[in-house]
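So this one's model-v5.pdb, PDB, C-alpha atoms:
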ATOM      1  CA  MET A   1     -19.879  31.684  35.151
ATOM      2  CA  ASP A   2     -23.151  33.430  34.446
ATOM      3  CA  PHE A   3     -22.783  35.702  37.442
ATOM      4  CA  ALA A   4     -19.247  36.702  36.427
ATOM      5  CA  ARG A   5     -20.421  37.629  32.952
ATOM      6  CA  ILE A   6     -23.263  39.756  34.313
ATOM      7  CA  ALA A   7     -20.901  41.479  36.748
ATOM      8  CA  LEU A   8     -18.405  42.228  33.966
ATOM      9  CA  THR A   9     -21.177  43.629  31.781
ATOM     10  CA  VAL A  10     -22.359  45.875  34.606
ATOM     11  CA  ILE A  11     -18.804  47.125  35.189
ATOM     12  CA  GLU A  12     -18.356  47.721  31.460
ATOM     13  CA  TYR A  13     -21.566  49.746  31.140
ATOM     14  CA  ALA A  14     -20.762  51.733  34.264
ATOM     15  CA  LEU A  15     -17.361  52.636  32.784
ATOM     16  CA  TYR A  16     -19.048  53.694  29.510
ATOM     17  CA  ALA A  17     -21.518  55.873  31.388
ATOM     18  CA  ALA A  18     -18.743  57.522  33.413
ATOM     19  CA  GLY A  19     -16.677  58.079  30.257
ATOM     20  CA  ALA A  20     -19.621  59.638  28.390
ATOM     21  CA  PHE A  21     -20.266  61.861  31.415
ATOM     22  CA  PHE A  22     -16.687  63.138  31.482
ATOM     23  CA  PHE A  23     -16.692  63.714  27.704
ATOM     24  CA  LEU A  24     -19.871  65.738  28.087
ATOM     25  CA  ALA A  25     -18.430  67.654  31.032
ATOM     26  CA  GLY A  26     -15.279  68.477  29.053
ATOM     27  CA  SER A  27     -17.275  69.779  26.091
ATOM     28  CA  ILE A  28     -19.579  71.865  28.246
ATOM     29  CA  GLY A  29     -16.533  73.254  30.020
ATOM     30  CA  LEU A  30     -14.974  74.143  26.665
ATOM     31  CA  LEU A  31     -18.135  76.072  25.841
ATOM     32  CA  ARG A  32     -18.826  77.712  29.172
ATOM     33  CA  PHE A  33     -15.445  78.575  30.725
ATOM     34  CA  PRO A  34     -14.331  82.201  30.464
ATOM     35  CA  ASP A  35     -10.754  82.131  29.072
ATOM     36  CA  VAL A  36      -8.121  80.018  27.311
ATOM     37  CA  TYR A  37      -6.475  78.652  30.432
ATOM     38  CA  THR A  38      -9.649  77.396  32.067
ATOM     39  CA  ARG A  39     -10.726  75.861  28.769
ATOM     40  CA  LEU A  40      -7.368  74.078  28.495
ATOM     41  CA  HIS A  41      -7.959  72.755  31.981
ATOM     42  CA  SER A  42     -11.394  71.375  31.136
ATOM     43  CA  LEU A  43     -10.201  69.899  27.840
ATOM     44  CA  THR A  44      -6.996  68.170  28.880
ATOM     45  CA  LYS A  45      -8.270  66.838  32.199
ATOM     46  CA  ALA A  46     -11.913  65.919  31.792
ATOM     47  CA  ASP A  47     -11.717  64.722  28.187
ATOM     48  CA  ASN A  48      -8.657  62.543  28.682
ATOM     49  CA  LEU A  49     -10.206  61.001  31.781
ATOM     50  CA  GLY A  50     -13.353  60.264  29.763
ATOM     51  CA  LEU A  51     -11.221  58.619  27.083
ATOM     52  CA  GLY A  52      -9.453  56.560  29.749
ATOM     53  CA  LEU A  53     -12.743  55.325  31.194
ATOM     54  CA  VAL A  54     -14.061  54.422  27.726
ATOM     55  CA  CYS A  55     -10.773  52.593  27.036
ATOM     56  CA  MET A  56     -11.125  50.653  30.281
ATOM     57  CA  GLY A  57     -14.678  49.683  29.401
ATOM     58  CA  LEU A  58     -13.590  48.517  25.947
ATOM     59  CA  ALA A  59     -10.721  46.542  27.506
ATOM     60  CA  VAL A  60     -13.175  44.779  29.825
ATOM     61  CA  ARG A  61     -15.382  44.013  26.836
ATOM     62  CA  SER A  62     -12.600  42.687  24.611
ATOM     63  CA  GLY A  63     -11.438  40.171  27.218
ATOM     64  CA  SER A  64      -8.014  39.879  25.612
ATOM     65  CA  ALA A  65      -4.769  40.961  27.274
ATOM     66  CA  ILE A  66      -3.138  42.107  24.028
ATOM     67  CA  VAL A  67      -6.041  44.363  23.098
ATOM     68  CA  ALA A  68      -6.231  45.734  26.636
ATOM     69  CA  LEU A  69      -2.505  46.534  26.563
ATOM     70  CA  LYS A  70      -2.878  48.266  23.214
ATOM     71  CA  LEU A  71      -5.785  50.346  24.528
ATOM     72  CA  LEU A  72      -3.664  51.297  27.554
ATOM     73  CA  PHE A  73      -0.786  52.395  25.313
ATOM     74  CA  ILE A  74      -3.113  54.429  23.099
ATOM     75  CA  TRP A  75      -4.479  56.160  26.183
ATOM     76  CA  MET A  76      -0.986  56.905  27.470
ATOM     77  CA  LEU A  77       0.020  58.328  24.077
ATOM     78  CA  VAL A  78      -3.056  60.566  24.132
ATOM     79  CA  LEU A  79      -2.166  61.699  27.661
ATOM     80  CA  ALA A  80       1.419  62.539  26.697
ATOM     81  CA  ALA A  81       0.351  64.318  23.498
ATOM     82  CA  GLY A  82      -2.428  66.168  25.292
ATOM     83  CA  SER A  83      -0.228  67.486  28.094
ATOM     84  CA  THR A  84       2.504  68.520  25.655
ATOM     85  CA  ALA A  85       0.028  70.379  23.474
ATOM     86  CA  CYS A  86      -1.581  71.922  26.569
ATOM     87  CA  TYR A  87       1.751  73.249  27.811
ATOM     88  CA  LEU A  88       2.657  74.654  24.381
ATOM     89  CA  VAL A  89      -0.683  76.403  23.876
ATOM     90  CA  ALA A  90      -0.718  77.848  27.411
ATOM     91  CA  GLU A  91       2.880  79.023  27.090
ATOM     92  CA  SER A  92       2.282  80.758  23.779
ATOM     93  CA  ALA A  93      -0.984  82.280  24.982
ATOM     94  CA  ARG A  94       0.878  83.634  27.998
ATOM     95  CA  SER A  95       3.655  85.126  25.864
ATOM     96  CA  ALA A  96       1.068  86.566  23.460
ATOM     97  CA  GLY A  97      -0.212  88.614  26.392
ATOM     98  CA  ILE A  98      -3.559  86.965  27.097
ATOM     99  CA  GLU A  99      -4.276  87.639  30.765
ATOM    100  CA  PRO A 100      -5.754  84.864  32.926
ATOM    101  CA  TRP A 101      -9.361  85.458  33.910
ATOM    102  CA  THR A 102      -9.955  86.554  37.481
ATOM    103  CA  ARG A 103     -13.147  87.195  39.359
ATOM    104  CA  GLU A 104     -12.076  90.790  40.068
ATOM    105  CA  ALA A 105     -11.380  91.635  36.423
ATOM    106  CA  ARG A 106     -14.913  90.733  35.519
ATOM    107  CA  ARG A 107     -16.539  93.287  37.797
TER     108      ARG A 107
ATOM    109  CA  MET B   1     -28.864  53.418  17.827
ATOM    110  CA  THR B   2     -26.757  52.666  14.774
ATOM    111  CA  VAL B   3     -29.060  54.833  12.675
ATOM    112  CA  ALA B   4     -28.823  57.640  15.255
ATOM    113  CA  PHE B   5     -25.037  57.397  15.208
ATOM    114  CA  ASP B   6     -24.923  57.496  11.405
ATOM    115  CA  VAL B   7     -27.299  60.445  11.172
ATOM    116  CA  LEU B   8     -25.298  62.384  13.774
ATOM    117  CA  LEU B   9     -22.016  61.572  12.038
ATOM    118  CA  ILE B  10     -23.276  62.635   8.611
ATOM    119  CA  GLY B  11     -24.926  65.758   9.995
ATOM    120  CA  THR B  12     -21.765  66.825  11.810
ATOM    121  CA  LEU B  13     -19.660  66.107   8.722
ATOM    122  CA  LEU B  14     -21.926  68.235   6.505
ATOM    123  CA  TRP B  15     -22.048  71.015   9.108
ATOM    124  CA  ILE B  16     -18.245  71.151   9.335
ATOM    125  CA  ALA B  17     -17.878  71.072   5.533
ATOM    126  CA  ILE B  18     -20.310  73.963   5.085
ATOM    127  CA  GLY B  19     -18.646  75.869   7.919
ATOM    128  CA  SER B  20     -15.192  75.337   6.445
ATOM    129  CA  LEU B  21     -16.220  76.540   2.976
ATOM    130  CA  SER B  22     -18.367  79.502   4.014
ATOM    131  CA  GLU B  23     -15.952  80.921   6.587
ATOM    132  CA  ALA B  24     -14.449  84.325   5.759
ATOM    133  CA  LYS B  25     -11.500  84.098   8.152
ATOM    134  CA  LEU B  26      -8.642  81.940   6.936
ATOM    135  CA  PHE B  27      -7.575  80.546  10.289
ATOM    136  CA  LYS B  28     -11.077  79.458  11.279
ATOM    137  CA  SER B  29     -11.469  77.826   7.895
ATOM    138  CA  VAL B  30      -8.204  75.890   8.269
ATOM    139  CA  VAL B  31      -9.136  74.616  11.732
ATOM    140  CA  MET B  32     -12.514  73.533  10.355
ATOM    141  CA  PHE B  33     -10.671  71.733   7.550
ATOM    142  CA  VAL B  34      -8.487  69.794  10.012
ATOM    143  CA  VAL B  35     -11.583  68.829  12.000
ATOM    144  CA  PHE B  36     -13.309  67.814   8.768
ATOM    145  CA  GLY B  37     -10.399  65.507   7.943
ATOM    146  CA  LEU B  38     -10.673  63.863  11.378
ATOM    147  CA  PHE B  39     -14.387  63.278  11.005
ATOM    148  CA  LEU B  40     -14.026  61.999   7.459
ATOM    149  CA  ALA B  41     -11.548  59.457   8.826
ATOM    150  CA  ILE B  42     -14.147  58.392  11.405
ATOM    151  CA  ALA B  43     -16.665  58.006   8.585
ATOM    152  CA  TRP B  44     -14.186  55.767   6.721
ATOM    153  CA  VAL B  45     -13.789  53.608   9.832
ATOM    154  CA  ARG B  46     -17.573  53.367  10.067
ATOM    155  CA  LEU B  47     -17.686  52.265   6.422
ATOM    156  CA  GLY B  48     -15.293  49.437   7.240
ATOM    157  CA  ALA B  49     -12.156  50.848   5.607
ATOM    158  CA  PRO B  50      -9.618  51.467   8.396
ATOM    159  CA  ASP B  51      -6.706  51.667   5.938
ATOM    160  CA  VAL B  52      -8.326  54.530   4.060
ATOM    161  CA  ALA B  53      -9.091  56.120   7.420
ATOM    162  CA  LEU B  54      -5.424  55.907   8.374
ATOM    163  CA  ALA B  55      -4.351  57.578   5.140
ATOM    164  CA  GLU B  56      -7.057  60.226   5.453
ATOM    165  CA  ALA B  57      -6.063  61.058   9.035
ATOM    166  CA  ALA B  58      -2.336  61.206   8.314
ATOM    167  CA  LEU B  59      -2.463  62.989   4.944
ATOM    168  CA  GLY B  60      -5.824  64.744   4.769
ATOM    169  CA  ALA B  61      -5.906  66.131   8.286
ATOM    170  CA  GLY B  62      -2.263  65.931   9.391
ATOM    171  CA  VAL B  63       0.036  66.930   6.551
ATOM    172  CA  THR B  64      -2.409  69.156   4.656
ATOM    173  CA  GLY B  65      -3.617  70.795   7.853
ATOM    174  CA  THR B  66      -0.070  71.510   9.010
ATOM    175  CA  LEU B  67       0.876  72.957   5.616
ATOM    176  CA  MET B  68      -2.221  75.164   5.638
ATOM    177  CA  LEU B  69      -1.492  76.388   9.183
ATOM    178  CA  ASP B  70       2.028  77.246   8.023
ATOM    179  CA  ALA B  71       0.594  79.098   5.023
ATOM    180  CA  VAL B  72      -1.741  81.078   7.283
ATOM    181  CA  GLY B  73       1.263  82.035   9.413
ATOM    182  CA  HIS B  74       3.115  83.257   6.300
ATOM    183  CA  ILE B  75       0.136  85.262   5.067
ATOM    184  CA  ARG B  76      -0.324  86.802   8.495
ATOM    185  CA  SER B  77       3.331  87.806   8.769
ATOM    186  CA  ARG B  78       3.203  89.586   5.385
ATOM    187  CA  THR B  79       0.020  91.578   5.854
ATOM    188  CA  THR B  80      -0.781  94.304   8.360
ATOM    189  CA  PRO B  81      -2.274  92.644  11.441
ATOM    190  CA  TYR B  82      -5.038  95.225  11.871
ATOM    191  CA  PRO B  83      -7.049  97.445   9.537
ATOM    192  CA  LEU B  84      -5.676 100.978   9.201
ATOM    193  CA  ASP B  85      -8.711 102.726  10.644
ATOM    194  CA  PRO B  86      -7.960 103.080  14.368
ATOM    195  CA  GLY B  87     -11.614 102.712  15.274
ATOM    196  CA  GLU B  88     -11.593  99.189  13.899
ATOM    197  CA  HIS B  89      -8.965  97.810  16.283
ATOM    198  CA  PRO B  90     -10.171  94.694  18.084
ATOM    199  CA  ALA B  91      -9.913  94.878  21.850
ATOM    200  CA  GLU B  92      -7.391  92.905  23.872
ATOM    201  CA  GLY B  93      -7.898  89.184  23.439
ATOM    202  CA  GLU B  94     -10.650  89.739  20.906
ATOM    203  CA  ASP B  95     -11.072  88.109  17.546
ATOM    204  CA  ASP B  96      -8.031  87.644  15.321
ATOM    205  CA  ASP B  97      -8.071  89.292  11.946
ATOM    206  CA  VAL B  98      -6.900  86.601   9.552
TER     207      VAL B  98
ATOM    208  CA  MET C   1     -24.606  43.475  13.821
ATOM    209  CA  MET C   2     -23.441  46.546  15.731
ATOM    210  CA  ASP C   3     -23.924  46.586  19.481
ATOM    211  CA  PRO C   4     -26.548  49.274  20.218
ATOM    212  CA  VAL C   5     -24.884  50.224  23.514
ATOM    213  CA  LEU C   6     -21.583  50.943  21.788
ATOM    214  CA  MET C   7     -23.307  52.885  19.037
ATOM    215  CA  GLY C   8     -25.248  54.891  21.617
ATOM    216  CA  LEU C   9     -21.991  55.759  23.356
ATOM    217  CA  GLY C  10     -20.560  56.750  19.978
ATOM    218  CA  ALA C  11     -23.580  58.958  19.294
ATOM    219  CA  VAL C  12     -23.066  60.739  22.641
ATOM    220  CA  ILE C  13     -19.401  61.354  21.822
ATOM    221  CA  VAL C  14     -20.259  62.697  18.352
ATOM    222  CA  MET C  15     -22.692  65.065  20.068
ATOM    223  CA  THR C  16     -20.010  66.326  22.465
ATOM    224  CA  ALA C  17     -17.702  66.870  19.512
ATOM    225  CA  PHE C  18     -20.479  68.827  17.826
ATOM    226  CA  LEU C  19     -20.380  71.240  20.765
ATOM    227  CA  GLY C  20     -16.728  71.882  19.884
ATOM    228  CA  ILE C  21     -17.758  73.360  16.522
ATOM    229  CA  LEU C  22     -19.542  76.147  18.367
ATOM    230  CA  ARG C  23     -16.276  77.001  20.132
ATOM    231  CA  ILE C  24     -14.458  77.116  16.783
ATOM    232  CA  GLN C  25     -17.025  79.546  15.416
ATOM    233  CA  ARG C  26     -17.121  81.679  18.559
ATOM    234  CA  GLY C  27     -13.358  82.010  19.049
ATOM    235  CA  PRO C  28     -12.279  84.516  20.252
ATOM    236  CA  SER C  29      -8.518  83.875  19.904
ATOM    237  CA  GLY C  30      -6.756  81.355  17.704
ATOM    238  CA  ALA C  31      -5.805  79.255  20.740
ATOM    239  CA  ASP C  32      -9.480  78.638  21.525
ATOM    240  CA  ARG C  33     -10.027  77.295  18.032
ATOM    241  CA  MET C  34      -7.001  75.016  18.362
ATOM    242  CA  LEU C  35      -8.457  73.742  21.647
ATOM    243  CA  ALA C  36     -11.624  72.728  19.841
ATOM    244  CA  ALA C  37      -9.500  70.876  17.274
ATOM    245  CA  MET C  38      -7.780  69.059  20.145
ATOM    246  CA  LEU C  39     -11.211  68.124  21.518
ATOM    247  CA  PHE C  40     -11.996  66.590  18.152
ATOM    248  CA  GLY C  41      -8.731  64.647  18.303
ATOM    249  CA  THR C  42      -9.636  63.058  21.659
ATOM    250  CA  ALA C  43     -13.202  62.362  20.553
ATOM    251  CA  GLY C  44     -11.856  60.882  17.310
ATOM    252  CA  VAL C  45      -9.624  58.452  19.221
ATOM    253  CA  ALA C  46     -12.573  57.346  21.337
ATOM    254  CA  LEU C  47     -14.824  56.944  18.288
ATOM    255  CA  ALA C  48     -12.232  54.919  16.366
ATOM    256  CA  LEU C  49     -11.728  52.587  19.352
ATOM    257  CA  ILE C  50     -15.487  52.162  19.822
ATOM    258  CA  LEU C  51     -16.030  51.436  16.131
ATOM    259  CA  ALA C  52     -13.105  49.009  16.138
ATOM    260  CA  GLU C  53     -14.767  47.104  18.964
ATOM    261  CA  ALA C  54     -18.271  47.303  17.486
ATOM    262  CA  ALA C  55     -17.306  46.195  13.979
ATOM    263  CA  GLY C  56     -14.592  43.786  15.060
ATOM    264  CA  ALA C  57     -12.033  45.571  12.898
ATOM    265  CA  GLY C  58      -8.742  45.674  14.780
ATOM    266  CA  GLY C  59      -7.123  47.899  12.144
ATOM    267  CA  ALA C  60      -9.175  50.851  13.331
ATOM    268  CA  ARG C  61      -7.088  50.915  16.521
ATOM    269  CA  ASP C  62      -4.062  51.890  14.416
ATOM    270  CA  ALA C  63      -6.129  54.739  13.007
ATOM    271  CA  ALA C  64      -6.799  55.783  16.617
ATOM    272  CA  LEU C  65      -3.039  55.883  17.238
ATOM    273  CA  VAL C  66      -2.607  58.158  14.221
ATOM    274  CA  PHE C  67      -5.349  60.466  15.557
ATOM    275  CA  ALA C  68      -3.533  60.724  18.888
ATOM    276  CA  LEU C  69      -0.293  61.736  17.156
ATOM    277  CA  LEU C  70      -2.091  64.132  14.869
ATOM    278  CA  GLY C  71      -3.465  66.272  17.678
ATOM    279  CA  ALA C  72       0.032  66.904  19.029
ATOM    280  CA  ILE C  73       1.512  67.642  15.585
ATOM    281  CA  THR C  74      -1.247  70.092  14.705
ATOM    282  CA  ALA C  75      -0.827  71.879  18.041
ATOM    283  CA  VAL C  76       2.925  72.173  17.544
ATOM    284  CA  ALA C  77       2.447  73.499  14.001
ATOM    285  CA  PHE C  78      -0.061  76.026  15.312
ATOM    286  CA  VAL C  79       2.194  77.251  18.114
ATOM    287  CA  LYS C  80       5.344  77.445  16.000
ATOM    288  CA  ARG C  81       3.888  78.794  12.762
ATOM    289  CA  ALA C  82       0.404  80.237  12.834
ATOM    290  CA  TRP C  83       0.397  82.006  16.185
ATOM    291  CA  GLY C  84       1.134  85.745  16.132
ATOM    292  CA  ALA C  85       2.420  87.858  13.276
ATOM    293  CA  GLY C  86       6.152  87.121  13.527
ATOM    294  CA  ASP C  87       7.763  83.992  12.176
TER     295      ASP C  87
END
Would you write the structure of this file as structure tokens?
Amino acid sequence: MDFARIALTVIEYALYAAGAFFFLAGSIGLLRFPDVYTRLHSLTKADNLGLGLVCMGLAVRSGSAIVALKLLFIWMLVLAAGSTACYLVAESARSAGIEPWTREARR
Amino acid sequence: MTVAFDVLLIGTLLWIAIGSLSEAKLFKSVVMFVVFGLFLAIAWVRLGAPDVALAEAALGAGVTGTLMLDAVGHIRSRTTPYPLDPGEHPAEGEDDDV
Amino acid sequence: MMDPVLMGLGAVIVMTAFLGILRIQRGPSGADRMLAAMLFGTAGVALALILAEAAGAGGARDAALVFALLGAITAVAFVKRAWGAGD
């Protein structure tokens, strides 16, 4: 009983730490990457993964199946919305004539 | 930690509000306004009023932000995209005008 | 009483969102600014969920759902209306 609770707490905190790390990585990528497409990549992948890990940690903490299911559905909605928005922005950036960054173009 | 969270939240909220009001370019200002609505909703949740937060997110950031983006699109389509002086043209992929 | 671990996590996420403001101010194109707004949407969902858990207010999870929808709607409005000169 006691051991299980400690193990769950450790798992929960590890998930929080991983989620915070991916959020941080996504934001730094948004700041540091050279063009729109790479920034989209950092935002829609790293940030949504961070949100998923935080959701998992919160689900472990809540200890209720209903709440965990709701968190899962919220995460899936964010994933669907994020990929749709990502496709739309990339498509319109492409048709607006923004060229993807290449290593050669920089030199 | 709670105090740190509150201070960060309030500081970010004030920073976005000042940025939104003091921005010369319309589009930047509108994006800042949408972000301000989102953060104000978070502040409402923190104050223990999730219903107000829901209304703020849906109306303050969603509907008003969408209407303002639409208005920016209209303004942009009715004005010349670049200043008339050819030396002032922004380079490819550079800053937008409006 | 709020759990300090949850509030610390929330503080970290607010800080990452703060980095997004710099991208809004730096630009350069409108799409980059929209990306920063999308970052705020994801961070807002996470913050609402964390606060819901910390304060024991289940209603905040519905607010998180609205945030998730809002990001998509704003992006669609941006792409269809505010991008480029033509309508």
Checklist line | Ground truth for the PyMOL selection byres ((chain B) within 7 of (chain C)), written as JSON, numbers by chain | finding: {"B": [1, 2, 4, 5, 8, 9, 12, 28, 31, 35, 38, 42, 45, 46, 50, 53, 54, 57, 58, 62, 66, 69, 70, 72, 73, 76, 77, 81, 93, 94, 95, 96]}
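Closest approach to chain B from the set A:Arg103, A:Arg32, A:Lys45, A:Arg94 is made by A:Arg94, with distances taken over only C-alpha atoms.
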Closest atom pairs, residues of chain A within 10 Å of chain B, all atoms listed in the file, as JSON lines:
{"residue": "A:Asp35", "atom": "CA", "partner": "B:Gly93", "partner_atom": "CA", "distance": 9.5}
{"residue": "A:Val36", "atom": "CA", "partner": "B:Gly93", "partner_atom": "CA", "distance": 10.0}
{"residue": "A:Ala93", "atom": "CA", "partner": "B:Gly93", "partner_atom": "CA", "distance": 9.9}
{"residue": "A:Ala96", "atom": "CA", "partner": "B:Gly93", "partner_atom": "CA", "distance": 9.3}
{"residue": "A:Gly97", "atom": "CA", "partner": "B:Gly93", "partner_atom": "CA", "distance": 8.3}
{"residue": "A:Ile98", "atom": "CA", "partner": "B:Gly93", "partner_atom": "CA", "distance": 6.1}
{"residue": "A:Glu99", "atom": "CA", "partner": "B:Gly93", "partner_atom": "CA", "distance": 8.3}
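Set the cut-off at 6 Å, count all atoms listed in the file, and the residues of chain A near chain C turn out to be A:Leu24, A:Ser27, A:Val78, A:Ala81, A:Ala85.
The spacing separating atom CA of B:Met32 from atom CA of B:Ser20 amounts to 5.1 Å.
The coordinates place atom CA of A:Cys86 at 12.5 Å from atom CA of A:Asp47.
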Starting from the displayed file, determine the output of the PyMOL selection byres ((chain A and resi 75) around 9) and express the residue list as a compact mmCIF listing (two decimals) with C-alpha atoms, in the coordinates of the input.
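The result, written out as selection.txt:
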# COMPACT_ATOMS: atom_id res chain seq x y z
CA ASN A 48 -8.66 62.54 28.68
CA LEU A 51 -11.22 58.62 27.08
CA GLY A 52 -9.45 56.56 29.75
CA CYS A 55 -10.77 52.59 27.04
CA LYS A 70 -2.88 48.27 23.21
CA LEU A 71 -5.78 50.35 24.53
CA LEU A 72 -3.66 51.30 27.55
CA PHE A 73 -0.79 52.40 25.31
CA ILE A 74 -3.11 54.43 23.10
CA MET A 76 -0.99 56.90 27.47
CA LEU A 77 0.02 58.33 24.08
CA VAL A 78 -3.06 60.57 24.13
CA LEU A 79 -2.17 61.70 27.66
CA ALA A 80 1.42 62.54 26.70
CA VAL C 45 -9.62 58.45 19.22
CA ALA C 68 -3.53 60.72 18.89
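Computed from the coordinates, the atom CA of A:Leu43 to atom CA of A:Gly29 distance equals 7.5 Å.
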